[in-house]
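Visitor: One structure, as structure tokens, below. Some questions next.
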Amino acid sequence: MKLPLTNPSPDIKHFVGVIRGEIIPKRPPLAELFLDHEVEREIARAHLGLEWVEPSDDREAMTAYLRNRTEVYYRMGYDYIRVTGGADFPATSLDVADTAELSRGDRHWANETSGPITSWEDFEKYPWPDPAKADLWHYEYAAKNLPEGMGLFVCPTSGFLEIPLDTLLGYTNLCYLVYEQPDLVEAVFQRVGDIICAAYERLIGLPNLHGFFQGDDMGFKTGTLISPDQLRTLVLPWHKKMADLAHRNGLVYLLHSCGNLDAITEDLITDVGIDARHSFEDEGNSVIDFKRRYGDRVTLLGGVDVDKLTRLPEAELRAHVRKVIEACTPGGRFALGSGNTVCNYIPINNYFAMVEEALNYAG
């Protein structure tokens with residue numbers, strides 16, 4: 001099969017069956033956290049001939065954008081789209097020029113030194129989002145306008161650790177405050193958790209909703225960003241609450257988290273109850289190693305190292321993708337995709353090559 005597909009045949013029930021370990025497919029389905037906006041736009045314009053409309057506050061323009069975005073994922077062979085937003089925490093960022101192949105102009109980075117909250121006074125003054133007032137029409141529109149066979153995964157905002165660490169406190173500041181003002185840290189995590197949970201509760205009952213796909217980076221190449229015990233106290237109980245909410249409503253809970261999470265993987269599987277783990281890189285967090293250790297207990301999503309996806313020549317990349325598929329497909333509980341996201345610096349042809357290897361795999 002060549003991309004984009006002329007006659008896609010999405011099957012969200014099959015995809016969820018693979019996630020739950022109920023179906024062992026001959027070839028892996030596809031999974032991505034997301035394609036960068038610039039990649040979606042390039043595929044829509046150059047490969048599908050669509051008239052691209054940028055997302056905005058204008059309802060008509062946003063409707064056109066959602067139609068185009070859905071068409072991209074549909075024609076690229078995915079069984080679902082992931083829709084985000086609605087619980088947005090105001091933040092500042094460090095901005096630099098974006099030098100990617102499909103540049104967005106500027107790239108925004110979290111300020112690791114400090115954030116808008118450094119004291120109880122800051123906590124009280126911060127403009128906390130109110131999930132009860134969030135306009136969720138874009139979820140409703142997307143859910144009601146999916147091609148037959150496609151499903152919806154949702155994620156109102158970034159994660160239970162990411163928001164306090166990246167957006168509100170800053171990494172360095174958090175590392176000090178967790179010892180100097182633990183009550184303030186606990187209050188920040190509690191407030192963030194309550195807001196995210198309330199946003200998810202509002203999304204229950206959407207048509208074609210099949211799960212939550214929450215992002216929350218908790219690690220780096222050799223370990224977790226804060227101590228495992230701190231994660232168990234401040235972060236993992238919120239993920240468990242969301243996994244329980246999903247399961248009570250017949251949904252699955254997929255977790256994207258970068259980095260080496262060896263210290264908390266048992267917690268994620270046995271206590272939190274995640275159905276799938278996403279984000280792998282060959283150095284320190286190999287999908288093949290994770291499959292060997294945990295592949296009979298939790299589903300693996302993605303797995304193709306982003307560095308290889310970006311820099312390998314096409315023939316070598318295809319060989320590497322086949323190696324990943326052959327190692328991870330036996331026994332099921334695996335869906336192929338990038339190790340993280342389809343970034344705007346990944347050559348489109350390399351992305352297409354990865355997807356084609358999955359679609360054409362014969363087992």
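The way I read the labels, and the way they are meant: chains A, B, ... in the order of the structure tokens, residue 1 as the first residue of every chain, and ligand 1 as the first ligand shown, with later ones counted on from there.
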Going by DSSP on the backbone, which residues of range 253-329 of chain A come out as strand (DSSP E or B)? List them as a PDB file with C-alpha atoms, in the first residue's frame.

Guide:
ATOM      1  CA  TYR A 253      -6.086   4.751  29.321  1.00  0.00           C
ATOM      2  CA  LEU A 254      -2.997   5.392  27.209  1.00  0.00           C
ATOM      3  CA  LEU A 255       0.009   7.141  28.728  1.00  0.00           C
ATOM      4  CA  HIS A 256       2.665   9.080  26.839  1.00  0.00           C
ATOM      5  CA  ALA A 276      -0.576   1.254  27.015  1.00  0.00           C
ATOM      6  CA  ARG A 277       2.736   3.104  27.264  1.00  0.00           C
ATOM      7  CA  HIS A 278       3.966   5.475  24.585  1.00  0.00           C
ATOM      8  CA  GLU A 281      14.066   5.900  22.284  1.00  0.00           C
ATOM      9  CA  ASN A 285      14.447   3.389  26.740  1.00  0.00           C
ATOM     10  CA  THR A 299       0.651  -2.475  25.209  1.00  0.00           C
ATOM     11  CA  LEU A 300       3.550  -0.633  23.564  1.00  0.00           C
ATOM     12  CA  LEU A 301       2.832   2.310  21.271  1.00  0.00           C
ATOM     13  CA  VAL A 304      10.743   3.961  16.069  1.00  0.00           C
TER      14      VAL A 304
END

Visitor: When you count only C-alpha atoms, which of these residues is closest to Val53 in chain A: A:Leu3, A:Leu231, A:Leu161, A:Leu66?

Guide: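 Counting only C-alpha atoms, the residue closest to Val53 in chain A is A:Leu66.
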
Visitor: Excluding Leu177 in chain A and residues on its chain fewer than 5 positions from it, collect all residues at most 12 Å away from it, counting only C-alpha atoms, and give them as an NGL selection string.

Guide: :A and (114 or 117-120 or 164-165 or 169-172 or 182-188)

Visitor: Okay, now the selection with N, CA and C atoms, as a PDB file, in the first residue's frame?

Guide:
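Written file, again.pdb:
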ATOM      1  N   SER A 114      12.511  28.931  36.734  1.00  0.00           N
ATOM      2  CA  SER A 114      11.388  29.311  37.584  1.00  0.00           C
ATOM      3  C   SER A 114      10.146  29.516  36.743  1.00  0.00           C
ATOM      4  N   ILE A 117       4.764  30.707  39.763  1.00  0.00           N
ATOM      5  CA  ILE A 117       4.452  30.465  41.171  1.00  0.00           C
ATOM      6  C   ILE A 117       5.732  30.157  41.940  1.00  0.00           C
ATOM      7  N   THR A 118       6.071  31.044  42.858  1.00  0.00           N
ATOM      8  CA  THR A 118       7.219  30.836  43.739  1.00  0.00           C
ATOM      9  C   THR A 118       6.837  30.990  45.209  1.00  0.00           C
ATOM     10  N   SER A 119       5.576  31.365  45.475  1.00  0.00           N
ATOM     11  CA  SER A 119       5.144  31.635  46.843  1.00  0.00           C
ATOM     12  C   SER A 119       3.639  31.418  46.941  1.00  0.00           C
ATOM     13  N   TRP A 120       3.128  31.446  48.174  1.00  0.00           N
ATOM     14  CA  TRP A 120       1.688  31.333  48.364  1.00  0.00           C
ATOM     15  C   TRP A 120       0.952  32.528  47.756  1.00  0.00           C
ATOM     16  N   PRO A 164       2.975  21.410  36.705  1.00  0.00           N
ATOM     17  CA  PRO A 164       3.730  22.012  37.812  1.00  0.00           C
ATOM     18  C   PRO A 164       5.205  22.235  37.475  1.00  0.00           C
ATOM     19  N   LEU A 165       5.850  21.280  36.812  1.00  0.00           N
ATOM     20  CA  LEU A 165       7.284  21.367  36.559  1.00  0.00           C
ATOM     21  C   LEU A 165       7.608  22.360  35.448  1.00  0.00           C
ATOM     22  N   LEU A 169       5.945  26.063  38.201  1.00  0.00           N
ATOM     23  CA  LEU A 169       7.007  26.225  39.193  1.00  0.00           C
ATOM     24  C   LEU A 169       8.392  26.368  38.574  1.00  0.00           C
ATOM     25  N   GLY A 170       8.633  25.688  37.454  1.00  0.00           N
ATOM     26  CA  GLY A 170       9.978  25.589  36.910  1.00  0.00           C
ATOM     27  C   GLY A 170      10.702  24.427  37.568  1.00  0.00           C
ATOM     28  N   TYR A 171      11.505  23.720  36.791  1.00  0.00           N
ATOM     29  CA  TYR A 171      12.149  22.499  37.282  1.00  0.00           C
ATOM     30  C   TYR A 171      13.067  22.793  38.475  1.00  0.00           C
ATOM     31  N   THR A 172      13.958  23.757  38.320  1.00  0.00           N
ATOM     32  CA  THR A 172      14.886  24.071  39.408  1.00  0.00           C
ATOM     33  C   THR A 172      14.137  24.525  40.657  1.00  0.00           C
ATOM     34  N   PRO A 182       7.064  22.249  51.090  1.00  0.00           N
ATOM     35  CA  PRO A 182       6.333  21.084  50.569  1.00  0.00           C
ATOM     36  C   PRO A 182       4.831  21.286  50.548  1.00  0.00           C
ATOM     37  N   ASP A 183       4.296  22.095  51.471  1.00  0.00           N
ATOM     38  CA  ASP A 183       2.854  22.340  51.467  1.00  0.00           C
ATOM     39  C   ASP A 183       2.416  23.110  50.233  1.00  0.00           C
ATOM     40  N   LEU A 184       3.249  24.053  49.763  1.00  0.00           N
ATOM     41  CA  LEU A 184       2.946  24.787  48.537  1.00  0.00           C
ATOM     42  C   LEU A 184       3.004  23.853  47.330  1.00  0.00           C
ATOM     43  N   VAL A 185       4.010  23.015  47.271  1.00  0.00           N
ATOM     44  CA  VAL A 185       4.127  22.059  46.170  1.00  0.00           C
ATOM     45  C   VAL A 185       2.908  21.147  46.141  1.00  0.00           C
ATOM     46  N   GLU A 186       2.527  20.620  47.284  1.00  0.00           N
ATOM     47  CA  GLU A 186       1.368  19.727  47.342  1.00  0.00           C
ATOM     48  C   GLU A 186       0.100  20.451  46.892  1.00  0.00           C
ATOM     49  N   ALA A 187      -0.029  21.721  47.269  1.00  0.00           N
ATOM     50  CA  ALA A 187      -1.208  22.489  46.870  1.00  0.00           C
ATOM     51  C   ALA A 187      -1.252  22.700  45.360  1.00  0.00           C
ATOM     52  N   VAL A 188      -0.092  22.966  44.755  1.00  0.00           N
ATOM     53  CA  VAL A 188      -0.029  23.147  43.299  1.00  0.00           C
ATOM     54  C   VAL A 188      -0.429  21.853  42.596  1.00  0.00           C
TER      55      VAL A 188
END

Visitor: With distances taken over only C-alpha atoms, which residue among A:Phe212, A:Trp137, A:Tyr361, A:Phe34 lies nearest Val342 in chain A?

Guide: A:Phe34

Visitor: Under the rule that only C-alpha atoms are counted, which of A:Asp216, A:Glu266, A:Glu162, A:Asp88 is the nearest residue to Ile195 in chain A?

Guide: A:Asp88

Visitor: Between A:Phe89, A:Phe123, A:Tyr141, A:Tyr294, which has the minimum distance to Thr157 in chain A (counting only C-alpha atoms)?

Guide: A:Phe89
